[in-house]
Each structure stands twice: as C-alpha cells, then as structure tokens.
Amino acid sequence: MAAEFALRADHLTKTYRLYDRPFDRVKEVVLRKKLHREVRGLVDVSFAVKPGSTLGIVGSNGAGKSTLLKVLAGTTLQSSGEFEMHGRVASLLELGTGFYPGFTGRQNIVLNGIVNGYPRAEIEAKVDGIVEFSELGKFIDQPIRTYSSGMIMRLGFSVATAIDPDVLIIDEILAVGDLHFQKRCVDRIVSFKERGKTILFCSHSMFHVEEICERALWIKDGRIEMDGPSRDVVLAYSNYERGRRSTHSVIGRAEGYETMRAESLARQAGEAPPAPGASDGDESLPPPDAMPVILASRLRDPHTGVVVQRAQLLKDVVVEIDYELPQDLPGITVGCSIDRLDQIMICGIGSTLSGFKAPCQRGRWRVQITLQRLPLLAAEYSLRTYLTDERALHVYHSQSLGTRFEIAQHERRVGMIHVDHTFTSEPLPWPTRAERAAELKAMGLDAASGPPPGMA
Amino acid sequence: MPSFLSSALRFPSVAARHADLLRAFVRRDLAARYEGSLLGKLWPLLHPALLLAVYGLVFSKLLGVKLRSDEAAALPGAIGDGWVATIFMASGILPWICTVDALNRCTPVVVENNNLIKKVAFPSELLPTYTTLVSFFQLLIGLALLVPLYACVMLFASGGTPAADNVHWLRNLVWLPLPIVLQWLFVTGLGMLLAAVNVFMRDVGQVIPLATLVWMFFTPVFYKLEGLAKKTEEEWVASAIQWNPLYHLMALYRGCFPYEPGVEFPWRSAAIFAAIALATFVVGHGCFHRWKGHFADEV
C-alpha cells in the first residue's frame, strides 16, 4: 500500500435526530418547522492512521466509540465531515450478523462471507480453514439454531477474520467463547498486527488496548478527549473512570471478566476432574485441550518457610504459585499483583517482564516470587496471582489469595508507600537589609503596603 | 430528478457486482419459506399447480363462469368454457399473487433486516430486490406450468386438425417476457418505495395488506373489464379502472394467452404500462437511495 494513510477521518460529526413521535418527522417535512431534538454522537473527530499501525479506542459507554466505528464501517452515514480508507476493510462490529438459523454452520460461513462483500469463490476456498479454526467439528453440518451462543460467536469470529483485510475494525469482541478460544482470538489479532495490517481496536479491556495498540484515542461525549501513545491515554482514561465511579471502576469491570473466566474454568475442570492419587498412566492427566490452571497460591516467610497472612514493611515475602500445564506451551508468564481494597493495582509483576523464563512444559510447576523490602505502609491489600500467555496478553487463570494480607509496621509512617530517604541539614547566611527588602517585594509585601510588624 | 435517473441507471451494475449476495439471499429466503416442511423443495412447484387445479375447478365447474358470448362459443373450433375460464383466471391470478406477495414482503424488509442494516456495509436496495426476485421466481414456476397447459389445450382441444393447424394460437406467447420484465420493474420500484417509507412510518406495514385487497377488486383479475362495463350503468367506473396500472398489466398477460380468434396483442397497454413501470422504478429506487443513509439510525 503506497498510501500515506490507511485511514483518515476529517472533522467527522454525527448528529442523531430524536423525534417525540414518528409522525413528527413527516410533519417536519411538510410544515418546514423544527420538531426534533439533536443528540450529538460524534463531534468534529479528526485523526489519521498510518498503514500497519494499531489504533485503540477507549471511552465510557455511550461516549461515541461505536458510532465512530459504525461510520467508518459504512453502516451509518455521518452528518458532516468525511473519511477515506485505503485497502480492503473488514469490520467486526458484531459477530454472527447475518447468520441464518436454519442453515448449517458451513452454509452460514458462505452466506456470511458473501453478506460481508467477498466473492463466493474466495469464501468457498477458505471454508475448510474456517471450520478448522472454529473447532466446531461435527457440529459444522448442523443447523446453527442448535448451536450454543458461544459456538455461534466462535463461528462468527472465525469467518470474520479468515478473510484477509487490510484494515480491520474490531468492536469489543474479545470475550468470545471459552478460555481456549479467547486465547486463539487474541493470537489471531496479534498475527494481523505482526503482518502489518491496520487495526482499529475498540475495547473496554485497558490491558489489551495498552498491549496491542501503539496509539489510542479517548473519546468522551463524542469528542476526542485525548490522542496519544496508548499507555498515556489508557492511564488518563483509567484515572478519569476511577474518579467518576470510585468503586465500580474499569478494573472492577475487568474483575467481573476474571470471575467469568474462572467460572468457565471451573466448568471445564468439572468435565474432566483429575483423578486424585492416581499418578501412573495417562488417566490422571487432563485432556490435551484443558487450559493452564493455577493449583494454589500462597505467601511464605522467606526465612522460616512458614505460610503467612501478613508481611512486614521493608521485609521480604515470597509469593508461591503452583500451576499445572496440560501440554507443552511456547511460553508462559507467571505473575502477581498487589491491589488496594478499592481494586486499584499498586504493582504488577510478571515473569516475562522481569526476564524470568517460567517453566512451560507439560507438568506441574512451582514458581516463587520474592518481593524484596516491601515498601508498602500498613494497610490491608489483596493479592492476586496470574497465569498468562507468553506475551502476558491472555489471562489463562487468575486467583485471588483468599484472605486479605496485612502489612505490619512498627514505626509511625504516613501515606501509602515507603520511600527510602535520608535527612541532612546545614545553616544559611543571615540576609542584609537590602536582600530582605527584595525578598519582601518578591513576596508582594513591599513598602507601599506597609512594613510588616517589627520592621518599622 | 436527474439524480434519481442516474442512480437508477447505476442499479444494474450494483446488482451485477453483488450477484452472489442476491443469489444467497434468494436461496436463504426460499429455504426459509419451505423450511421444516415434508415436501420441501417441491412446494414452489406444488403451490401453483394446486392453485391452477382449484381455480380451474371452481370457476368452470362450480360457478360455471362464461367469458364469451354464446355466438363465440358456438363457433367451430372453439374450446370448452371450462378451459377458457381456467386459462383466463390463471393468467390473471398468477401475476396478481406475485404482485401482492412481493409488496407485502418488501414493505417490512428493511426493518426486519435491521441487524444487517446496522452492522454490515452493503447496498441495502438489494433487500427489496431479492424479495421481489423470490416472488417472481414463484411466478415463473406458475407460468412454466400454465404455458404447457395452454399449449396443449389450444393444440388438441380446439377443433382444427391436425394439431399443426392450431399453432397460430401460440404466436403471442413470445411476448410473455415483456409483461414479466415490466411487472418486475413496477413491483420492485413500488416495493423499494414502500420499504423505505415503512422505516419512518411503520403504519405502511399495516396498510399494505388492506390496500392490496381493495386494489384487487379494482383490477380485472377475476373479471373482464368489457363485461363490467356492460353491467354497470356508470361508465366512469370502467374508465376509472383503466387508470389502474395493473389493468394494463392484466391486459398484457391476457394478450399472451388468447382464446378467441382475432385478438391482437394490446400494444397500447404495453406502451402505457412500460412508461408507468419505468417511472415507478426510477422514483422508488431514487427515494430508497436518497433515504437509505438514515435507515441505520431508525431501525
């Protein structure tokens, strides 16, 4: 692509007209009188995306993210402004749109591809790959009204990403299917990125936006509130969200997501319970499609080796994580985070980021993270352990240490964290009269306003 | 108006570019209509066949409809009254049912496909287009049954022997594609207009079934206009009915299936209906095209 921009939006504005009654619309045309209220979905949005870059879009619900994506995808018409795109565009605004319940999965693959504007021959050539990616197996020749909603989503994602677009527009669709499939979705999006495709990625998962996108837009009340490196934008937006709803924060939402994952994991575990005690033979091993799982995590005193519930200021503590890998993986990240009770993360630690290669072969492993000279002041915290993929993008499993952990502190300190510090002191020379006058003037207390008491 | 014309002229290339999509939509719709039925794909054939049998039976045997003067029926080589009634009724009812079916299904088609309108970028005028194509597919099957029936009746049941002497009766059949194409233009144009208006005023969806019922009585589907003109004192009713575009369409279809000697193909009706059909298509398509940008906000 020789174009300078893959996508350029120029003063895009979208105004929705709201009528009290549908008939008012007709009356308005006939009487030529304004009967509608205008609601602004997008106001003067301009930006450009270079080919091969990834742009994240963040913002609260109703801020205009989806309106922007709909305008760019061409499903709704902007009120003013214009945009241009270069190359083939695929938009994943909603998975499974245009699926027809009476058709089989295979027929729907073709129908869906055609609806999205691809030639029949091209889709038919790709059907086998799509079926394989969706992992629907023998269900693919059943009518999709017999599918679960998760299976429909899987099929939708498989079709939508099988076609090789130059620009991919994604609206909040990573919560697809089970854990195993979610991981594959993230991988596929990353592979698009690696192949130099342009991606517009709208998500409430700040984590994914920060990791996948170099740049991000924060949309607030239809306007671009901030446009910059994704790290800065995510930080600013997260701060704003925390201020707006201190308890139900962005992280709170992510928390719900984790719970959902954990539940799905529990279901999976229920289907294939590891036989306790049976250590010989393959029967005791989980099925190969089971996901990596944290078996247990705990805090230990590094000196005594005793399991503890509390740590001490400026003392070491060990976070111990036992996990099971049902198969060999290219890599894995083991980590933990310390969160305040209002769920603001204070620090996050991951093996990959710290340059430690956690064991990723099939089997059970124990990883110990020694937190050195813990600089947290006395308070209650919660500790969460994580098992994620090698890029720390996809969370396989996370576990909260059942109890809160306390930090004990014997000295009196104020604030949240301990900062190492030293004190020194030295004498300063006494000022001359002229110097003092100059000082006073600088402070706005010159002679005109009267000398301060004791100087008369 | 020039913009209406130019957008209508672009329509064939849009439809050709999305031929795959149109075909997929038509297939989906046909599958949906007969889904879960035992006879499945036989129904499109069975439906018009049963219809022809029932109408033939009712109008010729039960009602004993006479569509000719007694003198004409007494001419040597005239076919039986029952055959005349069957051919006359079928050649009116098949296109009429197609029109009603297409309009009734077109009207809500944009609203019903709201998920596509909102989430997928594609030329939405294909929605009413595929709907009328499905209705015309069924019309074609009906005509494919009627044409051989008509041919057999005219070749073997009319007096002349051998059958070769009767071939002149089939001459007008070559004009059959004309009313079909014009009807498709007319119905698709009207369907697009109704589908677009229905987005903003859902009342249209309620009115259309009633309106088509009334329309049927003012269209010579079950009667001959000449017969009506004789019966009613009021000449204006008969002349008013000639303002109905479908009167001319019926005349065209009937012109293709003559059962009396000396009937000329109604070229005057052909010219009138061609003009109406083209204008309807340009206006209907133009309105749809102009408003479709607002559909996603309304459905």
# chains A, B, ... in the order shown; residues from 1 in each chain; ligands from 1
>>> closest_atom_pairs(of="chain A", to="chain B", cutoff="9 Å", atoms="only C-alpha atoms", output="CSV")
residue,atom,partner,partner_atom,distance
A:Tyr16,CA,B:Asp297,CA,7.4
A:Arg17,CA,B:Asp297,CA,8.8
A:Pro22,CA,B:Met201,CA,6.6
A:Phe23,CA,B:Met201,CA,7.1
A:Arg25,CA,B:Phe200,CA,7.8
A:Val26,CA,B:Phe200,CA,8.5
A:Lys70,CA,B:Lys119,CA,7.3
A:Ala73,CA,B:Ala121,CA,6.5
A:Gly74,CA,B:Ala121,CA,5.3
A:Thr75,CA,B:Ala121,CA,4.9
A:Thr76,CA,B:Ala296,CA,5.6
A:Leu77,CA,B:Gly293,CA,5.3
A:Gln78,CA,B:Gly293,CA,8.7
A:Ser91,CA,B:Val120,CA,7.9
A:Leu92,CA,B:Lys119,CA,8.3
A:Leu93,CA,B:Lys119,CA,6.1
A:Glu94,CA,B:Lys119,CA,6.8
A:Thr97,CA,B:Asn115,CA,6.4
A:Gly98,CA,B:Leu116,CA,6.1
A:Tyr100,CA,B:Arg28,CA,7.7
A:Gly102,CA,B:Ala32,CA,7.1
A:Phe103,CA,B:Arg28,CA,8.1
A:Val110,CA,B:Ala24,CA,8.6
A:Leu111,CA,B:Ala24,CA,6.2
A:Ile114,CA,B:Leu21,CA,5.5
A:Val115,CA,B:Leu21,CA,6.0
A:Asn116,CA,B:Val120,CA,6.5
A:Gly117,CA,B:Phe122,CA,7.2
A:Tyr118,CA,B:Asp20,CA,8.8
A:Pro119,CA,B:Asp20,CA,6.9
A:Arg120,CA,B:Asp20,CA,6.3
>>> select_by_dssp(residues="stretch 89-124 of chain A", states="strand (DSSP E)", output="list in words")
Val89, Ala90, Ser91 and Leu92 of chain A
>>> write_last_selection(atoms="N, CA and C atoms", output="PDB file, in the first residue's frame")
ATOM      1  N   VAL A  89     -11.415  -3.416   3.697  1.00  0.00           N
ATOM      2  CA  VAL A  89     -11.805  -3.186   5.074  1.00  0.00           C
ATOM      3  C   VAL A  89     -12.717  -4.313   5.551  1.00  0.00           C
ATOM      4  N   ALA A  90     -12.408  -4.866   6.716  1.00  0.00           N
ATOM      5  CA  ALA A  90     -13.327  -5.824   7.329  1.00  0.00           C
ATOM      6  C   ALA A  90     -13.731  -5.244   8.669  1.00  0.00           C
ATOM      7  N   SER A  91     -15.023  -5.248   8.944  1.00  0.00           N
ATOM      8  CA  SER A  91     -15.441  -4.718  10.233  1.00  0.00           C
ATOM      9  C   SER A  91     -16.132  -5.794  11.037  1.00  0.00           C
ATOM     10  N   LEU A  92     -15.699  -5.936  12.271  1.00  0.00           N
ATOM     11  CA  LEU A  92     -16.307  -6.902  13.179  1.00  0.00           C
ATOM     12  C   LEU A  92     -17.063  -6.111  14.230  1.00  0.00           C
TER      13      LEU A  92
END
>>> select_by_dssp(residues="stretch 82-189 of chain B", states="alpha helix (DSSP H)", output="NGL selection string")
:B and (82-106 or 109-112 or 114-119 or 126-152 or 177-189)
>>> residues_around(residues="B:Leu185", least_positions_apart="4", cutoff="7 Å", atoms="only C-alpha atoms", output="list in words")
Val181, Gly189, Ala277, Leu278 and Phe281 of chain B
>>> residues_around(residues="stretch 390-397 of chain A", least_positions_apart="6", cutoff="9 Å", atoms="only C-alpha atoms", output="list in words")
Leu179, His180, Gln182, Lys183, Val186, Asp187, Phe207, His208, Glu211, Ile212, Glu258, Arg261, Ala262, Leu265, Met291, Pro292, Val293, Ile294, Leu329, Pro330, Gly331, Ile332, Thr333, Val334, Gly350, Thr352 and Leu353 of chain A
>>> residues_around(residues="B:Pro258", least_positions_apart="4", cutoff="8 Å", atoms="only C-alpha atoms", output="PyMOL selection string")
chain B and resi 169+172+254+263
>>> write_last_selection(atoms="N, CA and C atoms", output="CSV table (one decimal), in the first residue's frame")
chain,number,residue,atom,x,y,z
B,169,TRP,N,-52.3,-20.1,-32.6
B,169,TRP,CA,-52.7,-19.7,-31.2
B,169,TRP,C,-51.6,-19.3,-30.3
B,172,ASN,N,-48.7,-15.4,-29.7
B,172,ASN,CA,-48.5,-14.3,-28.8
B,172,ASN,C,-47.6,-14.7,-27.5
B,254,ARG,N,-53.1,-11.3,-20.5
B,254,ARG,CA,-54.1,-12.0,-21.2
B,254,ARG,C,-53.9,-11.9,-22.7
B,263,VAL,N,-57.8,-11.8,-31.8
B,263,VAL,CA,-57.4,-10.9,-30.7
B,263,VAL,C,-56.0,-10.4,-31.0
>>> residues_around(residues="A:Ser53", least_positions_apart="5", cutoff="8 Å", atoms="only C-alpha atoms", output="PyMOL selection string")
chain A and resi 193+196-199+213-214
>>> write_last_selection(atoms="N, CA, C and O atoms", output="PDB file, in the first residue's frame")
ATOM      1  N   LYS A 193      -1.585  -7.906  13.351  1.00  0.00           N
ATOM      2  CA  LYS A 193      -0.700  -6.788  13.671  1.00  0.00           C
ATOM      3  C   LYS A 193       0.713  -7.073  13.160  1.00  0.00           C
ATOM      4  O   LYS A 193       1.342  -6.227  12.537  1.00  0.00           O
ATOM      5  N   GLY A 196       1.485  -6.558   9.605  1.00  0.00           N
ATOM      6  CA  GLY A 196       1.466  -5.187   9.110  1.00  0.00           C
ATOM      7  C   GLY A 196       0.105  -4.694   8.683  1.00  0.00           C
ATOM      8  O   GLY A 196      -0.010  -3.788   7.872  1.00  0.00           O
ATOM      9  N   LYS A 197      -0.953  -5.289   9.208  1.00  0.00           N
ATOM     10  CA  LYS A 197      -2.299  -4.806   8.895  1.00  0.00           C
ATOM     11  C   LYS A 197      -2.625  -3.626   9.800  1.00  0.00           C
ATOM     12  O   LYS A 197      -2.061  -3.473  10.882  1.00  0.00           O
ATOM     13  N   THR A 198      -3.572  -2.830   9.340  1.00  0.00           N
ATOM     14  CA  THR A 198      -4.012  -1.700  10.139  1.00  0.00           C
ATOM     15  C   THR A 198      -5.212  -2.147  10.972  1.00  0.00           C
ATOM     16  O   THR A 198      -6.142  -2.754  10.437  1.00  0.00           O
ATOM     17  N   ILE A 199      -5.171  -1.877  12.254  1.00  0.00           N
ATOM     18  CA  ILE A 199      -6.267  -2.327  13.113  1.00  0.00           C
ATOM     19  C   ILE A 199      -6.836  -1.157  13.888  1.00  0.00           C
ATOM     20  O   ILE A 199      -6.099  -0.333  14.438  1.00  0.00           O
ATOM     21  N   CYS A 213      -2.120  -1.961  21.085  1.00  0.00           N
ATOM     22  CA  CYS A 213      -2.079  -0.731  20.291  1.00  0.00           C
ATOM     23  C   CYS A 213      -0.915   0.155  20.668  1.00  0.00           C
ATOM     24  O   CYS A 213      -0.572   0.278  21.841  1.00  0.00           O
ATOM     25  N   GLU A 214      -0.343   0.800  19.642  1.00  0.00           N
ATOM     26  CA  GLU A 214       0.706   1.785  19.945  1.00  0.00           C
ATOM     27  C   GLU A 214       0.060   3.100  20.338  1.00  0.00           C
ATOM     28  O   GLU A 214       0.553   3.814  21.181  1.00  0.00           O
TER      29      GLU A 214
END
>>> closest_residue(among="B:Ala251, B:Ser37, B:Thr212, B:Glu260", to="B:Ala74", atoms="only C-alpha atoms")
B:Glu260
>>> residues_around(residues="B:Val221", least_positions_apart="6", cutoff="9 Å", atoms="only C-alpha atoms", output="compact mmCIF listing (two decimals) with all heavy atoms, in the first residue's frame")
# COMPACT_ATOMS: atom_id res chain seq x y z
N PHE B 88 -58.13 -18.06 -18.47
CA PHE B 88 -58.34 -16.65 -18.17
C PHE B 88 -57.99 -16.34 -16.70
O PHE B 88 -57.24 -15.40 -16.41
CB PHE B 88 -59.81 -16.28 -18.43
CG PHE B 88 -60.14 -14.87 -18.09
CD1 PHE B 88 -59.89 -13.84 -18.99
CD2 PHE B 88 -60.67 -14.54 -16.85
CE1 PHE B 88 -60.19 -12.53 -18.68
CE2 PHE B 88 -60.96 -13.23 -16.51
CZ PHE B 88 -60.71 -12.22 -17.44
N MET B 89 -58.50 -17.15 -15.79
CA MET B 89 -58.27 -16.91 -14.36
C MET B 89 -56.79 -17.06 -14.03
O MET B 89 -56.19 -16.22 -13.35
CB MET B 89 -59.08 -17.88 -13.50
CG MET B 89 -60.58 -17.68 -13.59
SD MET B 89 -61.04 -16.02 -13.06
CE MET B 89 -62.69 -15.92 -13.71
N SER B 91 -54.14 -16.82 -15.90
CA SER B 91 -53.24 -15.79 -16.44
C SER B 91 -53.39 -14.47 -15.71
O SER B 91 -52.54 -13.59 -15.83
CB SER B 91 -53.49 -15.61 -17.94
OG SER B 91 -54.83 -15.21 -18.17
N GLY B 92 -54.49 -14.31 -14.94
CA GLY B 92 -54.61 -13.10 -14.12
C GLY B 92 -54.14 -13.33 -12.69
O GLY B 92 -53.47 -12.49 -12.10
N ILE B 93 -54.50 -14.49 -12.14
CA ILE B 93 -54.23 -14.74 -10.72
C ILE B 93 -52.73 -14.90 -10.45
O ILE B 93 -52.21 -14.37 -9.47
CB ILE B 93 -55.01 -15.99 -10.25
CG1 ILE B 93 -56.49 -15.63 -10.13
CG2 ILE B 93 -54.50 -16.46 -8.90
CD1 ILE B 93 -57.38 -16.84 -10.01
N TRP B 96 -51.07 -11.59 -10.33
CA TRP B 96 -51.62 -10.82 -9.22
C TRP B 96 -51.04 -11.29 -7.88
O TRP B 96 -50.59 -10.49 -7.06
CB TRP B 96 -53.15 -10.90 -9.18
CG TRP B 96 -53.66 -10.23 -7.95
CD1 TRP B 96 -54.13 -10.84 -6.83
CD2 TRP B 96 -53.67 -8.83 -7.68
NE1 TRP B 96 -54.44 -9.91 -5.88
CE2 TRP B 96 -54.17 -8.67 -6.37
CE3 TRP B 96 -53.30 -7.71 -8.41
CZ2 TRP B 96 -54.31 -7.42 -5.78
CZ3 TRP B 96 -53.44 -6.47 -7.82
CH2 TRP B 96 -53.94 -6.32 -6.51
N TYR B 247 -54.35 -2.72 -14.55
CA TYR B 247 -55.31 -3.07 -15.61
C TYR B 247 -54.54 -3.38 -16.88
O TYR B 247 -54.80 -4.36 -17.57
CB TYR B 247 -56.29 -1.92 -15.84
CG TYR B 247 -56.99 -1.99 -17.17
CD1 TYR B 247 -58.06 -2.87 -17.35
CD2 TYR B 247 -56.57 -1.22 -18.25
CE1 TYR B 247 -58.69 -2.97 -18.57
CE2 TYR B 247 -57.18 -1.31 -19.47
CZ TYR B 247 -58.24 -2.18 -19.64
OH TYR B 247 -58.86 -2.29 -20.86
N MET B 250 -52.64 -6.68 -16.64
CA MET B 250 -53.53 -7.82 -16.87
C MET B 250 -53.81 -7.98 -18.36
O MET B 250 -53.82 -9.09 -18.89
CB MET B 250 -54.85 -7.60 -16.11
CG MET B 250 -54.69 -7.71 -14.60
SD MET B 250 -54.10 -9.35 -14.14
CE MET B 250 -53.16 -8.97 -12.70
